[in-house]
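Comments concern the structure below.
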Number of protein chains: 2
Amino acid sequence: MKLALERGFYFPSCEIYADAHAGFWEYGPTGNNLKNKFIELWRRELLRRDDMIEIDGSQIMSKSVFVASGHLDNFTDPIIKCKKCGATFRADRFITEKTGKEIPELLSGNEIDKIINEYKLRCTRCSGSFHESERFNMMFKVEIGPSKEEAYLRPETCQTIFVGFPRIFKTMRGRLPLAVAQLGKSFRNEIAPRQSLFRLREFYQAEIEVFCNPNRLNELPKFDQVKDTPLLLSIKNSSHSVNAEDAIRKGYLPNKLVAYYISLLSLFYSKTGINMERTRFRQLSDEEKAFYASTAFDFEVETSIGWIELVACNYRSDYDLKRHGEISKQNLHVIDPSDNTKVLPHLFELSMGIDRSIYSILDHSYYEDTEAERVVLKLVPQLAPVLVGVFPLVTKDGLREKAQNIYSELKLDYSAFYDESGSIGRRYRRLEEIGAPFALTVDNQTMKDDTVTIRYRDTMLQERVKVSEISVFLDANK
Amino acid sequence: MKLALERGFYFPSCEIYADAHAGFWEYGPTGNNLKNKFIELWRRELLRRDDMIEIDGSQIMSKSVFVASGHLDNFTDPIIKCKKCGATFRADRFITEKTGKEIPELLSGNEIDKIINEYKLRCTRCSGSFHESERFNMMFKVEIGPSKEEAYLRPETCQTIFVGFPRIFKTMRGRLPLAVAQLGKSFRNEIAPRQSLFRLREFYQAEIEVFCNPNRLNELPKFDQVKDTPLLLSIKNSSHSVNAEDAIRKGYLPNKLVAYYISLLSLFYSKTGINMERTRFRQLSDEEKAFYASTAFDFEVETSIGWIELVACNYRSDYDLKRHGEISKQNLHVIDPSDNTKVLPHLFELSMGIDRSIYSILDHSYYEDTEAERVVLKLVPQLAPVLVGVFPLVTKDGLREKAQNIYSELKLDYSAFYDESGSIGRRYRRLEEIGAPFALTVDNQTMKDDTVTIRYRDTMLQERVKVSEISVFLDANK
């Protein structure tokens, strides 16, 4: 957190104001670069690799969308309010904290009130007693135009994909299975946002929705490309280390389509620098599953704040298109030419939290090198906010101008950073703390033979490289 | 519009529902690619070229921010409501439409009511008379948490930059002038949204805020790099075609800092495929200027719906930091080491509308080739949603497999598109309509000498290129 705040990764929103709200954070310049590179890697390794299509829709959506999706009725948290001081708590978390009991999110109001009475739970601020518990809808409402028509900030990006499906399928001449992706903001009015990027009220999702024919989930030739992918599955508290093909054969994963996308996701994360040995695909129990999911796996990562969910992999069946078809009175069936049937597509989704992914990558990359007395972010070069630093050893004898020329040559095509202030050692340290894998230094020898030193972040080793070959080196290592 | 709807550029949000609201549009897969490439060009040609830093902040911001910015009091449109049917109109536009009179946006309520009475204006729906005019605040309000704390969706992205300035300046070891950029959504509850991407209620802005020392606006060595940039300036209805240096000397532009960023912006747009002869930097009159601006130029483009504003270039003076300092009670002054003074930075901004830019690029690229009976989008390769199509001439004799192999080799690094359905002519047409500059076709000769034809969108000429040299060709032409 200290590094994040001091090195421009992220910081609280509106922090100069007393009425700043919890659950809103800003990406500083360093964090923003990391996030943008993460998104570019997501586009490359998931979208382009699988020929997915990507759309980008509005965050404010009509009320009908959330009537159909069920969010207006079901997207609620139980809350309890103190009769005396008005303090409000999320009931299930409050009970767990006070009693140690694990409380399912969907417990009814009566049952919550019973437990509150049974354990004689009181307000932690003023010891007052509580009103009866209520359900609090976590969507943000907005009013459109002078006539104040009701609309909502979307609580998940995927609703845009479902509602736009008829046009997307038609204009893109879609065929099942068709994967449609979207990156964008979602909004949840959390009662108790916490731990910086982990539980936000406004956050980035990257969701992939695979529209598929439920009768053809095992007819997927491209599965062969990923069948050997190693997967760590956690099912009913036992761990299974298997490849994708065995995961299906042993019944851990239901079909090739699910196994294919889970494998693709696993391959993607293995390129982000996350330590895959500290990850798992955990099958959710019936109590944990979202109301629309029939099969559900969470991709989880072990971090310094515990295991956290980065991606929800849900088989949503035909729940979404059925409901949107009913409420909009549109026919959302399509023809699958492979078996010439009319089908209401089912959905398998990979719902990724970007901010949590960034948090986990930073967590797994952070390294305190006590011997060298330095802090290093061991980011993979593809995600480094700065790929290469360019330093003149000293600013005299033409070294500054030479370094600035090299920097100018690089800066349009690479994330480069020029620095001439402070000792060379301090400049290396600052680069290491933001995860820059390479530093180029212009020294006196540069003026003689047109070579610079290139220094590696992790090993601190240096070697000389010709100025004319810097681009070739960076292209091979980015 | 027809092309945009049918080829996946953009389409109305929530269109399957009867309660879809005007002013919300989605980018389809093609439009999304174009937009993402536009953003990448913006990052390259403005941000990296000028060593700017980029942040990404929350869209929901605290009430105090908009007390300070003046939006709570001043960001309003005059409206009139029919006494009989309740229909609501934006007063200034309504009067202009009915009377032909140009009405300034900031006309007082009394004066509006006077004109309504004088011209005996009635509701166009039911001929009813109007209530007294009101002011309608265009910000969307949201309520945070169970205690319903008041917050707003930001009406301009730059507020994030102003409020985050103290931390950004400190953690990035900033020096004036410091340019901070942000790309993101803003929201305005327009009374009469219109013309698809032109006036939206939810839209993308790319804003650049240059924090500067007002006493050193002419001390900018890097101005020399752009001094010969040709600019088209429109000042008090006369046009001036001058270079940046002369624009200052003749007093059209106030100083080097303003001229430098206006030149950079002009160079950027010249790379987007917009016809620069149909653009101008128009100085705003005192009535047109935003309430915070001292000097203001709009970068405008002539399109098929008339001249539209793409970028507002405002010298905002110290209005923003002064107000945020007062309301937050923080000291927002910084030290400028060049003259060792304490200074409250002034701001010059380039406030770019992304959606309007995309609209204008499509408008200027659209070309009906009547001779060849085709529609072509003559997009520059850097912005093409698809850079290259890969087609097998026929699907037999191994051509399909060969084409698929080539496609697989390209698709991770380039926006490539594989298509085998329909005649080769129809496949070319589809590519031309989405602006893909190149098409590769695998034919029988490919199987003999490992060459493919490469076809140019604009000239329709073809030549043969070795499969092993496709990447080199695309790298040189993207």
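Residues are referred to by chain and number: the chain letter is A, B, ... according to the order shown in the structure tokens, the number counts from 1 in that chain, and ligands are numbered separately from 1 in the order shown.
Residues of chain B having any atom within 6 Å of chain A, counting only C-alpha atoms, are B:Glu6, B:Arg7, B:Gly8, B:Tyr17, B:Ala20, B:Glu26, B:Tyr27, B:Gly28, B:Pro29, B:Asn32, B:Arg44, B:Arg48, B:Ile53, B:Glu54, B:Ile55, B:Asp56, B:Gly57, B:Ser62, B:Gly145, B:Thr171, B:Asn189, B:Ile191, B:Ser328, B:Leu412.
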Contacts of Arg282 of chain A at 7 Å (only C-alpha atoms; same-chain gap of 2+ positions) as a list of chain:residue names: A:Leu233, A:Ser234, A:Ile235, A:Arg280, A:Leu284, A:Phe297, A:Asp298, A:Phe299
Those residues you just picked out, can you put them in a file as a compact mmCIF listing (two decimals), in the first residue's frame with C-alpha atoms?
# COMPACT_ATOMS: atom_id res chain seq x y z
CA LEU A 233 -9.04 -27.55 -9.45
CA SER A 234 -10.53 -27.39 -6.00
CA ILE A 235 -13.74 -29.40 -5.68
CA ARG A 280 -6.96 -22.51 -8.02
CA LEU A 284 -18.69 -23.09 -5.71
CA PHE A 297 -15.95 -22.01 -10.64
CA ASP A 298 -14.05 -19.10 -9.15
CA PHE A 299 -10.49 -18.49 -10.26
DSSP strand (DSSP E or B) selection over segment 55-278 of chain B, as JSON, numbers by chain: {"B": [55, 56, 60, 61, 62, 76, 77, 78, 79, 80, 81, 82, 88, 89, 90, 130, 134, 135, 136, 137, 141, 142, 143, 144, 149, 150, 151, 152, 153, 178, 179, 180, 181, 182, 183, 184, 185, 186, 187, 194, 199, 202, 203, 204, 205, 206, 207, 208, 209, 210, 211, 212, 230, 231, 232, 233, 234, 235, 238, 239, 240, 241, 242, 243]}
Running DSSP on the backbone, which parts of segment 66-308 of chain B land in alpha helix (DSSP H), as a compact mmCIF listing (two decimals) with C-alpha atoms, in the first residue's frame?
# COMPACT_ATOMS: atom_id res chain seq x y z
CA PHE B 66 -18.81 20.22 -7.80
CA VAL B 67 -19.42 22.88 -5.18
CA ALA B 68 -15.84 23.97 -5.86
CA SER B 69 -15.99 23.58 -9.64
CA HIS B 71 -21.11 22.84 -11.61
CA LEU B 72 -23.70 22.57 -8.84
CA ASP B 73 -24.66 26.21 -9.37
CA ASN B 74 -23.85 26.88 -13.00
CA ALA B 91 -35.72 26.93 -23.78
CA ASP B 92 -32.89 28.49 -25.77
CA ARG B 93 -33.07 25.92 -28.59
CA PHE B 94 -36.88 26.08 -28.64
CA ILE B 95 -36.85 29.86 -29.04
CA THR B 96 -34.19 29.72 -31.77
CA GLU B 97 -36.17 27.10 -33.69
CA LYS B 98 -39.43 29.03 -33.46
CA THR B 99 -38.17 32.58 -33.92
CA GLY B 109 -35.05 33.20 -16.76
CA ASN B 110 -36.86 36.56 -16.88
CA GLU B 111 -35.58 37.34 -20.34
CA ILE B 112 -36.60 33.88 -21.59
CA ASP B 113 -40.11 34.29 -20.20
CA LYS B 114 -40.29 37.71 -21.84
CA ILE B 115 -39.44 36.32 -25.28
CA ILE B 116 -41.90 33.42 -24.84
CA ASN B 117 -44.66 35.91 -24.08
CA GLU B 118 -43.63 38.39 -26.75
CA CYS B 158 -10.77 16.97 -15.79
CA GLN B 159 -12.14 17.35 -12.26
CA THR B 160 -10.35 14.09 -11.41
CA ILE B 161 -7.09 15.62 -12.57
CA PHE B 162 -7.56 18.83 -10.56
CA VAL B 163 -8.53 17.03 -7.36
CA GLY B 164 -5.70 14.49 -7.70
CA PHE B 165 -3.12 17.16 -8.58
CA PRO B 166 -1.32 17.44 -5.20
CA ARG B 167 -0.56 13.72 -5.02
CA ILE B 168 0.22 13.36 -8.72
CA PHE B 169 2.61 16.30 -8.69
CA LYS B 170 4.40 14.97 -5.61
CA THR B 171 4.65 11.25 -6.42
CA ALA B 244 2.52 28.48 -35.18
CA GLU B 245 5.35 31.00 -34.88
CA ASP B 246 3.54 33.63 -36.96
CA ALA B 247 0.31 32.98 -35.06
CA ILE B 248 2.05 34.27 -31.94
CA ARG B 249 3.83 37.13 -33.69
CA LYS B 256 4.17 29.74 -26.85
CA LEU B 257 2.52 27.30 -24.45
CA VAL B 258 -0.92 27.68 -26.03
CA ALA B 259 0.56 27.62 -29.55
CA TYR B 260 2.64 24.52 -28.76
CA TYR B 261 -0.30 22.41 -27.59
CA ILE B 262 -2.59 23.63 -30.35
CA SER B 263 0.11 22.64 -32.86
CA LEU B 264 0.53 19.22 -31.27
CA LEU B 265 -3.23 18.71 -31.47
CA SER B 266 -3.28 19.74 -35.11
CA LEU B 267 -0.46 17.31 -35.93
CA PHE B 268 -2.34 14.55 -34.13
CA TYR B 269 -5.56 15.06 -36.08
CA SER B 270 -3.65 15.22 -39.36
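Near Pro177 of chain B, within 7 Å and counting only C-alpha atoms, sit B:Arg175, B:Ala179, B:Val210, B:Phe211, B:Cys212, B:Asn213; same-chain residues fewer than 2 positions away were not included.
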